[in-house]
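Trainee: I'm passing along upload_18.pdb; it holds PDB, C-alpha atoms, pLDDT in the B column.
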ATOM      1  CA  MET A  11      26.502  23.440  -2.711  1.00 48.00           C
ATOM      2  CA  THR A  12      26.548  24.805  -6.242  1.00 61.00           C
ATOM      3  CA  ARG A  13      23.949  23.825  -8.807  1.00 62.00           C
ATOM      4  CA  ALA A  14      26.509  21.905 -10.905  1.00 63.00           C
ATOM      5  CA  VAL A  15      27.607  19.885  -7.883  1.00 67.00           C
ATOM      6  CA  ARG A  16      23.982  19.127  -7.017  1.00 67.00           C
ATOM      7  CA  ARG A  17      23.304  17.902 -10.549  1.00 66.00           C
ATOM      8  CA  ALA A  18      26.386  15.685 -10.440  1.00 69.00           C
ATOM      9  CA  THR A  19      25.375  14.329  -7.036  1.00 75.00           C
ATOM     10  CA  LEU A  20      21.879  13.519  -8.291  1.00 64.00           C
ATOM     11  CA  ALA A  21      23.297  11.790 -11.356  1.00 70.00           C
ATOM     12  CA  VAL A  22      25.566   9.653  -9.171  1.00 72.00           C
ATOM     13  CA  ALA A  23      22.667   8.891  -6.827  1.00 72.00           C
ATOM     14  CA  ASP A  24      20.487   7.840  -9.782  1.00 67.00           C
ATOM     15  CA  ALA A  25      23.206   5.536 -11.090  1.00 71.00           C
ATOM     16  CA  ALA A  26      23.827   4.111  -7.629  1.00 75.00           C
ATOM     17  CA  THR A  27      20.120   3.479  -7.086  1.00 71.00           C
ATOM     18  CA  GLY A  28      19.735   1.672 -10.396  1.00 71.00           C
ATOM     19  CA  GLY A  29      22.956  -0.279  -9.836  1.00 77.00           C
ATOM     20  CA  LEU A  30      21.935  -1.290  -6.319  1.00 79.00           C
ATOM     21  CA  GLY A  31      18.629  -2.635  -7.575  1.00 77.00           C
ATOM     22  CA  MET A  32      20.355  -4.693 -10.291  1.00 83.00           C
ATOM     23  CA  VAL A  33      23.021  -5.979  -7.901  1.00 85.00           C
ATOM     24  CA  THR A  34      20.327  -7.055  -5.444  1.00 86.00           C
ATOM     25  CA  ILE A  35      18.485  -9.005  -8.141  1.00 87.00           C
ATOM     26  CA  VAL A  36      21.680 -10.677  -9.398  1.00 89.00           C
ATOM     27  CA  PHE A  37      22.793 -11.535  -5.870  1.00 89.00           C
ATOM     28  CA  GLY A  38      19.387 -12.951  -5.012  1.00 88.00           C
ATOM     29  CA  GLY A  39      19.379 -15.061  -8.181  1.00 90.00           C
ATOM     30  CA  ALA A  40      22.890 -16.364  -7.560  1.00 92.00           C
ATOM     31  CA  LEU A  41      22.091 -17.210  -3.962  1.00 91.00           C
ATOM     32  CA  GLY A  42      18.929 -18.991  -5.032  1.00 90.00           C
ATOM     33  CA  ALA A  43      20.779 -21.001  -7.677  1.00 91.00           C
ATOM     34  CA  TRP A  44      23.427 -22.055  -5.171  1.00 92.00           C
ATOM     35  CA  ALA A  45      20.858 -23.007  -2.551  1.00 90.00           C
ATOM     36  CA  GLY A  46      18.686 -24.851  -5.079  1.00 90.00           C
ATOM     37  CA  TYR A  47      21.552 -26.929  -6.397  1.00 88.00           C
ATOM     38  CA  THR A  48      23.158 -27.539  -3.006  1.00 90.00           C
ATOM     39  CA  TYR A  49      20.027 -28.623  -1.162  1.00 89.00           C
ATOM     40  CA  SER A  50      18.351 -30.551  -3.963  1.00 88.00           C
ATOM     41  CA  PRO A  51      18.322 -34.350  -3.409  1.00 89.00           C
ATOM     42  CA  GLY A  52      21.620 -35.941  -4.412  1.00 83.00           C
ATOM     43  CA  THR A  53      19.763 -38.837  -5.961  1.00 87.00           C
ATOM     44  CA  TRP A  54      18.342 -36.581  -8.695  1.00 88.00           C
ATOM     45  CA  PRO A  55      20.011 -36.580 -12.109  1.00 90.00           C
ATOM     46  CA  GLY A  56      22.322 -33.654 -12.777  1.00 86.00           C
ATOM     47  CA  ASP A  57      19.972 -32.082 -15.315  1.00 89.00           C
ATOM     48  CA  TRP A  58      17.095 -32.136 -12.835  1.00 91.00           C
ATOM     49  CA  ARG A  59      19.218 -30.501 -10.167  1.00 88.00           C
ATOM     50  CA  LEU A  60      20.283 -27.769 -12.598  1.00 90.00           C
ATOM     51  CA  ALA A  61      16.697 -27.165 -13.677  1.00 91.00           C
ATOM     52  CA  PHE A  62      15.571 -27.011 -10.057  1.00 91.00           C
ATOM     53  CA  ALA A  63      18.397 -24.594  -9.226  1.00 90.00           C
ATOM     54  CA  GLY A  64      17.383 -22.396 -12.176  1.00 92.00           C
ATOM     55  CA  GLY A  65      13.773 -22.249 -10.977  1.00 92.00           C
ATOM     56  CA  VAL A  66      14.836 -21.360  -7.457  1.00 91.00           C
ATOM     57  CA  ALA A  67      17.167 -18.686  -8.860  1.00 91.00           C
ATOM     58  CA  VAL A  68      14.317 -17.012 -10.765  1.00 92.00           C
ATOM     59  CA  VAL A  69      12.066 -17.007  -7.700  1.00 91.00           C
ATOM     60  CA  ALA A  70      14.852 -15.717  -5.473  1.00 90.00           C
ATOM     61  CA  ALA A  71      15.757 -12.957  -7.946  1.00 88.00           C
ATOM     62  CA  GLY A  72      12.132 -11.795  -8.086  1.00 87.00           C
ATOM     63  CA  ALA A  73      11.856 -11.825  -4.300  1.00 89.00           C
ATOM     64  CA  ALA A  74      15.125  -9.908  -3.940  1.00 86.00           C
ATOM     65  CA  GLY A  75      13.927  -7.320  -6.478  1.00 82.00           C
ATOM     66  CA  GLY A  76      10.654  -6.872  -4.599  1.00 82.00           C
ATOM     67  CA  MET A  77      12.463  -6.420  -1.297  1.00 83.00           C
ATOM     68  CA  ALA A  78      14.836  -3.921  -2.896  1.00 79.00           C
ATOM     69  CA  ASP A  79      11.909  -1.884  -4.237  1.00 76.00           C
ATOM     70  CA  LEU A  80      10.548  -1.465  -0.718  1.00 77.00           C
ATOM     71  CA  PHE A  81      13.685   0.470   0.180  1.00 75.00           C
ATOM     72  CA  LEU A  82      14.545   2.031  -3.179  1.00 73.00           C
ATOM     73  CA  THR A  83      11.107   3.426  -4.110  1.00 75.00           C
ATOM     74  CA  PRO A  84      11.118   6.114  -1.349  1.00 75.00           C
ATOM     75  CA  LEU A  85      14.689   6.979  -2.331  1.00 74.00           C
ATOM     76  CA  ARG A  86      13.700   7.348  -5.988  1.00 69.00           C
ATOM     77  CA  ARG A  87      10.875   9.672  -4.986  1.00 69.00           C
ATOM     78  CA  LEU A  88      13.284  11.820  -2.990  1.00 75.00           C
ATOM     79  CA  LEU A  89      15.614  11.978  -5.966  1.00 68.00           C
ATOM     80  CA  THR A  90      12.737  12.994  -8.246  1.00 68.00           C
ATOM     81  CA  THR A  91      11.758  15.776  -5.862  1.00 70.00           C
ATOM     82  CA  ALA A  92      15.354  16.955  -5.544  1.00 71.00           C
ATOM     83  CA  ARG A  93      15.813  16.871  -9.314  1.00 63.00           C
ATOM     84  CA  SER A  94      12.773  19.035  -9.895  1.00 63.00           C
ATOM     85  CA  ALA A  95      14.170  21.566  -7.432  1.00 64.00           C
ATOM     86  CA  VAL A  96      17.399  21.948  -9.423  1.00 58.00           C
ATOM     87  CA  ARG A  97      16.211  24.412 -12.019  1.00 57.00           C
ATOM     88  CA  PRO A  98      18.119  27.224 -13.692  1.00 53.00           C
ATOM     89  CA  THR A  99      17.475  30.555 -12.049  1.00 52.00           C
ATOM     90  CA  THR A 100      17.648  34.026 -13.490  1.00 54.00           C
ATOM     91  CA  THR A 101      19.691  36.582 -11.591  1.00 54.00           C
ATOM     92  CA  ARG A 102      17.590  39.693 -11.095  1.00 64.00           C
ATOM     93  CA  THR A 103      18.986  43.088 -10.340  1.00 80.00           C
ATOM     94  CA  ALA A 104      17.681  45.170  -7.482  1.00 86.00           C
ATOM     95  CA  PRO A 105      14.627  47.211  -8.541  1.00 86.00           C
ATOM     96  CA  ALA A 106      15.353  50.866  -9.281  1.00 89.00           C
ATOM     97  CA  THR A 107      11.748  51.964  -8.803  1.00 93.00           C
ATOM     98  CA  LEU A 108       8.707  50.934  -6.828  1.00 94.00           C
ATOM     99  CA  ALA A 109       7.042  49.772 -10.034  1.00 92.00           C
ATOM    100  CA  GLU A 110       9.942  47.415 -10.787  1.00 91.00           C
ATOM    101  CA  GLY A 111       9.844  46.063  -7.243  1.00 92.00           C
ATOM    102  CA  LEU A 112       6.110  45.458  -7.547  1.00 92.00           C
ATOM    103  CA  ALA A 113       6.590  43.694 -10.885  1.00 91.00           C
ATOM    104  CA  GLN A 114       9.256  41.390  -9.421  1.00 91.00           C
ATOM    105  CA  ALA A 115       7.082  40.609  -6.401  1.00 92.00           C
ATOM    106  CA  ALA A 116       4.095  39.860  -8.654  1.00 91.00           C
ATOM    107  CA  ALA A 117       6.169  37.506 -10.806  1.00 91.00           C
ATOM    108  CA  ALA A 118       7.539  35.796  -7.699  1.00 91.00           C
ATOM    109  CA  THR A 119       4.010  35.393  -6.321  1.00 92.00           C
ATOM    110  CA  GLY A 120       2.911  33.667  -9.509  1.00 92.00           C
ATOM    111  CA  LYS A 121       5.888  31.305  -9.485  1.00 91.00           C
ATOM    112  CA  ASP A 122       5.336  30.556  -5.814  1.00 91.00           C
ATOM    113  CA  ALA A 123       1.671  29.759  -6.475  1.00 92.00           C
ATOM    114  CA  ALA A 124       2.610  27.383  -9.301  1.00 91.00           C
ATOM    115  CA  SER A 125       5.189  25.678  -7.101  1.00 90.00           C
ATOM    116  CA  ARG A 126       2.743  25.294  -4.194  1.00 89.00           C
ATOM    117  CA  ALA A 127       0.050  23.954  -6.531  1.00 91.00           C
ATOM    118  CA  ALA A 128       2.400  21.296  -7.913  1.00 89.00           C
ATOM    119  CA  SER A 129       3.553  20.401  -4.410  1.00 87.00           C
ATOM    120  CA  ASP A 130       0.049  20.210  -2.897  1.00 88.00           C
ATOM    121  CA  ALA A 131      -1.215  18.178  -5.863  1.00 88.00           C
ATOM    122  CA  TRP A 132       0.022  15.007  -4.157  1.00 85.00           C
ATOM    123  CA  ARG A 133      -3.220  15.127  -2.161  1.00 85.00           C
ATOM    124  CA  ILE A 134      -5.195  14.256  -5.288  1.00 89.00           C
ATOM    125  CA  ASP A 135      -2.460  12.691  -7.465  1.00 87.00           C
ATOM    126  CA  GLN A 136      -0.226  10.390  -5.452  1.00 80.00           C
ATOM    127  CA  SER A 137       1.409   9.017  -8.593  1.00 76.00           C
ATOM    128  CA  GLU A 138       3.508  12.229  -8.701  1.00 64.00           C
ATOM    129  CA  GLN A 139       3.550  12.073 -12.501  1.00 73.00           C
ATOM    130  CA  PHE A 140       0.612  14.122 -13.779  1.00 86.00           C
ATOM    131  CA  LEU A 141      -0.374  17.072 -11.638  1.00 90.00           C
ATOM    132  CA  ARG A 142       3.053  17.288  -9.995  1.00 83.00           C
ATOM    133  CA  ASP A 143       4.582  18.787 -13.171  1.00 85.00           C
ATOM    134  CA  GLN A 144       5.283  22.350 -12.073  1.00 85.00           C
ATOM    135  CA  ASP A 145       5.929  23.516 -15.639  1.00 88.00           C
ATOM    136  CA  ARG A 146       2.270  22.919 -16.535  1.00 92.00           C
ATOM    137  CA  TRP A 147       0.969  25.041 -13.673  1.00 94.00           C
ATOM    138  CA  ARG A 148       0.459  28.776 -14.244  1.00 95.00           C
ATOM    139  CA  GLY A 149       0.528  30.931 -11.144  1.00 94.00           C
ATOM    140  CA  TYR A 150      -1.152  34.299 -10.644  1.00 94.00           C
ATOM    141  CA  GLU A 151      -0.611  37.373  -8.504  1.00 90.00           C
ATOM    142  CA  ASP A 152      -3.478  36.487  -6.161  1.00 91.00           C
ATOM    143  CA  GLY A 153      -1.741  33.261  -5.129  1.00 90.00           C
ATOM    144  CA  THR A 154      -3.921  30.957  -7.218  1.00 94.00           C
ATOM    145  CA  ALA A 155      -2.803  28.716 -10.080  1.00 95.00           C
ATOM    146  CA  SER A 156      -4.347  26.827 -12.993  1.00 96.00           C
ATOM    147  CA  PHE A 157      -3.497  23.588 -14.804  1.00 96.00           C
ATOM    148  CA  PHE A 158      -4.603  23.178 -18.421  1.00 94.00           C
ATOM    149  CA  LEU A 159      -6.415  19.836 -18.802  1.00 93.00           C
ATOM    150  CA  ALA A 160      -8.142  20.113 -22.186  1.00 92.00           C
ATOM    151  CA  PRO A 161      -9.482  22.828 -24.461  1.00 90.00           C
ATOM    152  CA  GLY A 162     -11.853  24.843 -22.301  1.00 89.00           C
ATOM    153  CA  VAL A 163     -11.135  22.917 -19.091  1.00 92.00           C
ATOM    154  CA  TRP A 164      -8.734  23.931 -16.316  1.00 94.00           C
ATOM    155  CA  LEU A 165      -7.927  22.696 -12.841  1.00 95.00           C
ATOM    156  CA  HIS A 166      -7.857  25.659 -10.453  1.00 96.00           C
ATOM    157  CA  TYR A 167      -5.837  25.763  -7.233  1.00 96.00           C
ATOM    158  CA  ARG A 168      -6.131  28.023  -4.236  1.00 93.00           C
ATOM    159  CA  SER A 169      -5.224  27.784  -0.564  1.00 88.00           C
ATOM    160  CA  GLU A 170      -7.533  28.913   2.218  1.00 84.00           C
ATOM    161  CA  LYS A 171      -7.129  29.325   5.940  1.00 81.00           C
ATOM    162  CA  THR A 172      -9.169  27.023   8.135  1.00 76.00           C
ATOM    163  CA  GLU A 173     -10.864  28.141  11.323  1.00 77.00           C
ATOM    164  CA  HIS A 174      -7.713  27.087  13.176  1.00 77.00           C
ATOM    165  CA  GLY A 175      -5.492  29.259  10.997  1.00 74.00           C
ATOM    166  CA  HIS A 176      -3.968  26.433   8.952  1.00 75.00           C
ATOM    167  CA  LEU A 177      -3.680  26.594   5.165  1.00 77.00           C
ATOM    168  CA  LYS A 178      -5.780  24.097   3.237  1.00 85.00           C
ATOM    169  CA  SER A 179      -5.426  23.528  -0.487  1.00 89.00           C
ATOM    170  CA  ARG A 180      -8.535  23.349  -2.683  1.00 92.00           C
ATOM    171  CA  PHE A 181      -8.768  22.150  -6.269  1.00 95.00           C
ATOM    172  CA  THR A 182     -11.740  22.902  -8.510  1.00 94.00           C
ATOM    173  CA  LEU A 183     -12.546  22.224 -12.138  1.00 93.00           C
ATOM    174  CA  LEU A 184     -13.337  25.297 -14.250  1.00 91.00           C
ATOM    175  CA  THR A 185     -14.654  25.419 -17.797  1.00 86.00           C
ATOM    176  CA  GLY A 186     -14.914  28.109 -20.430  1.00 78.00           C
ATOM    177  CA  ASP A 187     -18.660  27.493 -20.674  1.00 75.00           C
ATOM    178  CA  GLY A 188     -19.385  29.212 -17.379  1.00 72.00           C
ATOM    179  CA  ASP A 189     -20.373  25.979 -15.611  1.00 76.00           C
ATOM    180  CA  GLN A 190     -20.412  25.886 -11.834  1.00 84.00           C
ATOM    181  CA  PRO A 191     -16.930  25.064 -10.444  1.00 87.00           C
ATOM    182  CA  VAL A 192     -16.658  21.408  -9.424  1.00 91.00           C
ATOM    183  CA  PRO A 193     -14.582  20.459  -6.348  1.00 92.00           C
ATOM    184  CA  ILE A 194     -11.899  17.889  -7.192  1.00 94.00           C
ATOM    185  CA  THR A 195     -10.409  15.462  -4.673  1.00 92.00           C
ATOM    186  CA  SER A 196      -8.841  12.799  -6.939  1.00 92.00           C
ATOM    187  CA  VAL A 197      -7.512  12.208 -10.434  1.00 91.00           C
ATOM    188  CA  GLU A 198     -10.420   9.820 -11.024  1.00 92.00           C
ATOM    189  CA  GLU A 199     -12.834  12.720 -10.635  1.00 93.00           C
ATOM    190  CA  ILE A 200     -10.918  14.645 -13.300  1.00 93.00           C
ATOM    191  CA  ARG A 201     -11.170  11.656 -15.638  1.00 92.00           C
ATOM    192  CA  HIS A 202     -14.908  11.411 -14.954  1.00 92.00           C
ATOM    193  CA  GLN A 203     -15.484  15.086 -15.687  1.00 91.00           C
ATOM    194  CA  LEU A 204     -13.529  14.981 -18.951  1.00 91.00           C
ATOM    195  CA  ALA A 205     -15.323  11.793 -20.017  1.00 92.00           C
ATOM    196  CA  ALA A 206     -18.675  13.447 -19.315  1.00 88.00           C
ATOM    197  CA  ARG A 207     -17.831  16.372 -21.566  1.00 86.00           C
ATOM    198  CA  ALA A 208     -16.486  14.079 -24.268  1.00 87.00           C
ATOM    199  CA  ALA A 209     -19.781  12.126 -24.191  1.00 85.00           C
ATOM    200  CA  CYS A 210     -21.865  15.334 -24.094  1.00 80.00           C
ATOM    201  CA  LEU A 211     -23.425  14.240 -20.790  1.00 75.00           C
ATOM    202  CA  PRO A 212     -23.992  16.262 -17.598  1.00 64.00           C
ATOM    203  CA  ALA A 213     -20.731  16.681 -15.763  1.00 60.00           C
ATOM    204  CA  THR A 214     -22.302  15.846 -12.388  1.00 58.00           C
ATOM    205  CA  PRO A 215     -24.260  12.560 -12.442  1.00 46.00           C
ATOM    206  CA  ALA A 216     -27.686  12.407 -10.818  1.00 37.00           C
ATOM    207  CA  ALA A 217     -27.774  10.799  -7.385  1.00 40.00           C
ATOM    208  CA  ASP A 218     -30.281   8.112  -8.448  1.00 40.00           C
ATOM    209  CA  ASP A 219     -28.473   7.178 -11.680  1.00 43.00           C
ATOM    210  CA  THR A 220     -24.802   7.327 -10.745  1.00 43.00           C
ATOM    211  CA  ASP A 221     -23.904   3.727 -11.593  1.00 48.00           C
ATOM    212  CA  ASN A 222     -25.746   3.759 -14.927  1.00 48.00           C
ATOM    213  CA  GLN A 223     -24.197   7.036 -16.051  1.00 47.00           C
ATOM    214  CA  SER A 224     -20.737   5.930 -14.953  1.00 49.00           C
ATOM    215  CA  ASP A 225     -21.053   2.884 -17.215  1.00 53.00           C
ATOM    216  CA  VAL A 226     -22.138   5.118 -20.092  1.00 47.00           C
ATOM    217  CA  LEU A 227     -19.202   7.458 -19.490  1.00 47.00           C
ATOM    218  CA  ASP A 228     -16.694   4.617 -19.396  1.00 53.00           C
ATOM    219  CA  ALA A 229     -18.054   3.188 -22.645  1.00 50.00           C
ATOM    220  CA  ALA A 230     -18.086   6.600 -24.325  1.00 47.00           C
ATOM    221  CA  ALA A 231     -14.587   7.379 -23.143  1.00 47.00           C
ATOM    222  CA  SER A 232     -13.285   4.068 -24.545  1.00 51.00           C
ATOM    223  CA  GLU A 233     -15.013   4.522 -27.897  1.00 49.00           C
ATOM    224  CA  GLY A 234     -14.045   8.171 -28.250  1.00 46.00           C
ATOM    225  CA  ARG A 235     -10.462   7.912 -27.104  1.00 46.00           C
ATOM    226  CA  ALA A 236      -9.161   8.344 -30.638  1.00 43.00           C
ATOM    227  CA  ASP A 237     -11.228  11.515 -31.080  1.00 46.00           C
ATOM    228  CA  LEU A 238      -9.907  12.927 -27.824  1.00 40.00           C
ATOM    229  CA  ASP A 239      -6.326  12.156 -28.805  1.00 45.00           C
ATOM    230  CA  ALA A 240      -6.866  13.921 -32.122  1.00 43.00           C
ATOM    231  CA  GLN A 241      -7.863  17.204 -30.462  1.00 42.00           C
ATOM    232  CA  PRO A 242      -5.204  19.918 -30.209  1.00 39.00           C
ATOM    233  CA  TRP A 243      -3.703  20.080 -26.733  1.00 34.00           C
ATOM    234  CA  GLU A 244      -2.064  23.182 -25.436  1.00 39.00           C
ATOM    235  CA  THR A 245       0.820  23.556 -23.056  1.00 36.00           C
ATOM    236  CA  VAL A 246       0.619  26.256 -20.436  1.00 38.00           C
ATOM    237  CA  SER A 247       3.929  27.894 -19.800  1.00 39.00           C
ATOM    238  CA  ARG A 248       4.775  30.473 -17.284  1.00 36.00           C
TER     239      ARG A 248
END
Let me see the file written as structure tokens.
Mentor:
Amino acid sequence: MTRAVRRATLAVADAATGGLGMVTIVFGGALGAWAGYTYSPGTWPGDWRLAFAGGVAVVAAGAAGGMADLFLTPLRRLLTTARSAVRPTTTRTAPATLAEGLAQAAAATGKDAASRAASDAWRIDQSEQFLRDQDRWRGYEDGTASFFLAPGVWLHYRSEKTEHGHLKSRFTLLTGDGDQPVPITSVEEIRHQLAARAACLPATPAADDTDNQSDVLDAAASEGRADLDAQPWETVSR
């Protein structure tokens, strides 16, 4: 299947998904209105029956939309994944020398590392909206990758083999200040680390004062949000 055909197919699938969700809501509302009016007591005045039918229609439409989301949400995620895979590619000629072959392999290794980092990021970011952006990951020849979070702060990715020979992804927070790398297992931990630096507090809270420092960090992050937004943010491109 050519790239143009895949794009067209994805566009049709997107339209069909959105249309199916709307049709389900409209159908549920119409069915609820019919049922509400039909099965309301015949002794009620006509206006009351219409009002009751309208209320039932709203409830039925909401229920139909919720049921549709149960089936359409996984499909939307598949479409998002497929859409991200349809990217323009550059045709490369066969290398004429060993140096050119090495350069192509090094570039491919970096792109592969960035792709694997974005793919494995679902372990710590299940929203698939922040760390899953492959364009913000920068891959390197050693198979690692980095994600720019803020000036002087990066999320580092690497994969290691376990004792059973399986690959396991590891994410750590690195800073330009030479601080000790901090293991990261969730987006909330990233938020906590950035809030700590914004409040000029230790990045790792003490074991006996975790709750108190967390409250201080949350308050500082809320008060200093405007200052953080005003800082220059960079975009890492490969």
Trainee: What is the CA of Gly64 in chain A to CA of Gly46 in chain A distance in Å?
Mentor: 7.6 Å
Trainee: Run through the PyMOL selection byres ((chain A and resi 28) around 12) on the given coordinates and return the selected residues as a PDB file with C-alpha atoms, in the frame of the given file.
Mentor:
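Everything below was put into expr_30.pdb:
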ATOM      1  CA  ALA A  21      23.297  11.790 -11.356  1.00 70.00           C
ATOM      2  CA  VAL A  22      25.566   9.653  -9.171  1.00 72.00           C
ATOM      3  CA  ALA A  23      22.667   8.891  -6.827  1.00 72.00           C
ATOM      4  CA  ASP A  24      20.487   7.840  -9.782  1.00 67.00           C
ATOM      5  CA  ALA A  25      23.206   5.536 -11.090  1.00 71.00           C
ATOM      6  CA  ALA A  26      23.827   4.111  -7.629  1.00 75.00           C
ATOM      7  CA  THR A  27      20.120   3.479  -7.086  1.00 71.00           C
ATOM      8  CA  GLY A  29      22.956  -0.279  -9.836  1.00 77.00           C
ATOM      9  CA  LEU A  30      21.935  -1.290  -6.319  1.00 79.00           C
ATOM     10  CA  GLY A  31      18.629  -2.635  -7.575  1.00 77.00           C
ATOM     11  CA  MET A  32      20.355  -4.693 -10.291  1.00 83.00           C
ATOM     12  CA  VAL A  33      23.021  -5.979  -7.901  1.00 85.00           C
ATOM     13  CA  THR A  34      20.327  -7.055  -5.444  1.00 86.00           C
ATOM     14  CA  ILE A  35      18.485  -9.005  -8.141  1.00 87.00           C
ATOM     15  CA  GLY A  75      13.927  -7.320  -6.478  1.00 82.00           C
ATOM     16  CA  ALA A  78      14.836  -3.921  -2.896  1.00 79.00           C
ATOM     17  CA  ASP A  79      11.909  -1.884  -4.237  1.00 76.00           C
ATOM     18  CA  LEU A  82      14.545   2.031  -3.179  1.00 73.00           C
ATOM     19  CA  THR A  83      11.107   3.426  -4.110  1.00 75.00           C
ATOM     20  CA  LEU A  85      14.689   6.979  -2.331  1.00 74.00           C
ATOM     21  CA  ARG A  86      13.700   7.348  -5.988  1.00 69.00           C
ATOM     22  CA  LEU A  89      15.614  11.978  -5.966  1.00 68.00           C
TER      23      LEU A  89
END
Trainee: If you measure from CA of Thr182 in chain A to CA of Glu151 in chain A, what distance in Å do you get, rounded to one decimal?
Mentor: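 Spanning CA of Thr182 in chain A to CA of Glu151 in chain A is a straight-line distance of 18.3 Å.
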Trainee: For the file shown, what are the residues hit by the PyMOL selection byres ((chain A and resi 161-172) around 7), laid out as a PyMOL selection string?
Mentor: chain A and resi 127+153-160+173-186+243
Trainee: Just give me the gap between CA of Ala40 in chain A and CA of Val68 in chain A in Å, one decimal is fine.
Mentor: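 Between CA of Ala40 in chain A and CA of Val68 in chain A the gap is 9.2 Å.
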Trainee: Take range 75-81 of chain A, model all heavy atoms, and hand the result over as a PDB file, keeping the file's coordinate frame.
Mentor:
ATOM      1  N   GLY A  75      14.309  -8.574  -5.833  1.00 82.00           N
ATOM      2  CA  GLY A  75      13.927  -7.320  -6.478  1.00 82.00           C
ATOM      3  C   GLY A  75      12.768  -6.652  -5.773  1.00 82.00           C
ATOM      4  O   GLY A  75      12.743  -5.421  -5.621  1.00 82.00           O
ATOM      5  N   GLY A  76      11.786  -7.446  -5.339  1.00 82.00           N
ATOM      6  CA  GLY A  76      10.654  -6.872  -4.599  1.00 82.00           C
ATOM      7  C   GLY A  76      11.073  -6.270  -3.278  1.00 82.00           C
ATOM      8  O   GLY A  76      10.615  -5.189  -2.889  1.00 82.00           O
ATOM      9  N   MET A  77      11.967  -6.961  -2.569  1.00 83.00           N
ATOM     10  CA  MET A  77      12.463  -6.420  -1.297  1.00 83.00           C
ATOM     11  C   MET A  77      13.265  -5.147  -1.528  1.00 83.00           C
ATOM     12  O   MET A  77      13.170  -4.189  -0.747  1.00 83.00           O
ATOM     13  CB  MET A  77      13.329  -7.472  -0.598  1.00 83.00           C
ATOM     14  CG  MET A  77      12.540  -8.668  -0.087  1.00 83.00           C
ATOM     15  SD  MET A  77      11.376  -8.227   1.223  1.00 83.00           S
ATOM     16  CE  MET A  77      12.514  -7.704   2.505  1.00 83.00           C
ATOM     17  N   ALA A  78      14.043  -5.114  -2.609  1.00 79.00           N
ATOM     18  CA  ALA A  78      14.836  -3.921  -2.896  1.00 79.00           C
ATOM     19  C   ALA A  78      13.941  -2.732  -3.202  1.00 79.00           C
ATOM     20  O   ALA A  78      14.235  -1.593  -2.812  1.00 79.00           O
ATOM     21  CB  ALA A  78      15.792  -4.182  -4.064  1.00 79.00           C
ATOM     22  N   ASP A  79      12.823  -2.975  -3.898  1.00 76.00           N
ATOM     23  CA  ASP A  79      11.909  -1.884  -4.237  1.00 76.00           C
ATOM     24  C   ASP A  79      11.314  -1.239  -2.997  1.00 76.00           C
ATOM     25  O   ASP A  79      11.005  -0.042  -3.000  1.00 76.00           O
ATOM     26  CB  ASP A  79      10.783  -2.396  -5.143  1.00 76.00           C
ATOM     27  CG  ASP A  79      11.243  -2.578  -6.576  1.00 76.00           C
ATOM     28  OD1 ASP A  79      12.271  -1.969  -6.935  1.00 76.00           O
ATOM     29  OD2 ASP A  79      10.586  -3.321  -7.328  1.00 76.00           O
ATOM     30  N   LEU A  80      11.106  -2.023  -1.950  1.00 77.00           N
ATOM     31  CA  LEU A  80      10.548  -1.465  -0.718  1.00 77.00           C
ATOM     32  C   LEU A  80      11.441  -0.365  -0.153  1.00 77.00           C
ATOM     33  O   LEU A  80      10.952   0.604   0.446  1.00 77.00           O
ATOM     34  CB  LEU A  80      10.370  -2.573   0.329  1.00 77.00           C
ATOM     35  CG  LEU A  80       9.323  -3.644   0.017  1.00 77.00           C
ATOM     36  CD1 LEU A  80       9.311  -4.698   1.116  1.00 77.00           C
ATOM     37  CD2 LEU A  80       7.943  -3.015  -0.125  1.00 77.00           C
ATOM     38  N   PHE A  81      12.741  -0.511  -0.346  1.00 75.00           N
ATOM     39  CA  PHE A  81      13.685   0.470   0.180  1.00 75.00           C
ATOM     40  C   PHE A  81      14.066   1.523  -0.870  1.00 75.00           C
ATOM     41  O   PHE A  81      14.343   2.671  -0.526  1.00 75.00           O
ATOM     42  CB  PHE A  81      14.961  -0.240   0.681  1.00 75.00           C
ATOM     43  CG  PHE A  81      14.711  -1.223   1.775  1.00 75.00           C
ATOM     44  CD1 PHE A  81      14.579  -2.577   1.498  1.00 75.00           C
ATOM     45  CD2 PHE A  81      14.578  -0.803   3.087  1.00 75.00           C
ATOM     46  CE1 PHE A  81      14.352  -3.489   2.512  1.00 75.00           C
ATOM     47  CE2 PHE A  81      14.343  -1.714   4.116  1.00 75.00           C
ATOM     48  CZ  PHE A  81      14.224  -3.061   3.821  1.00 75.00           C
TER      49      PHE A  81
END
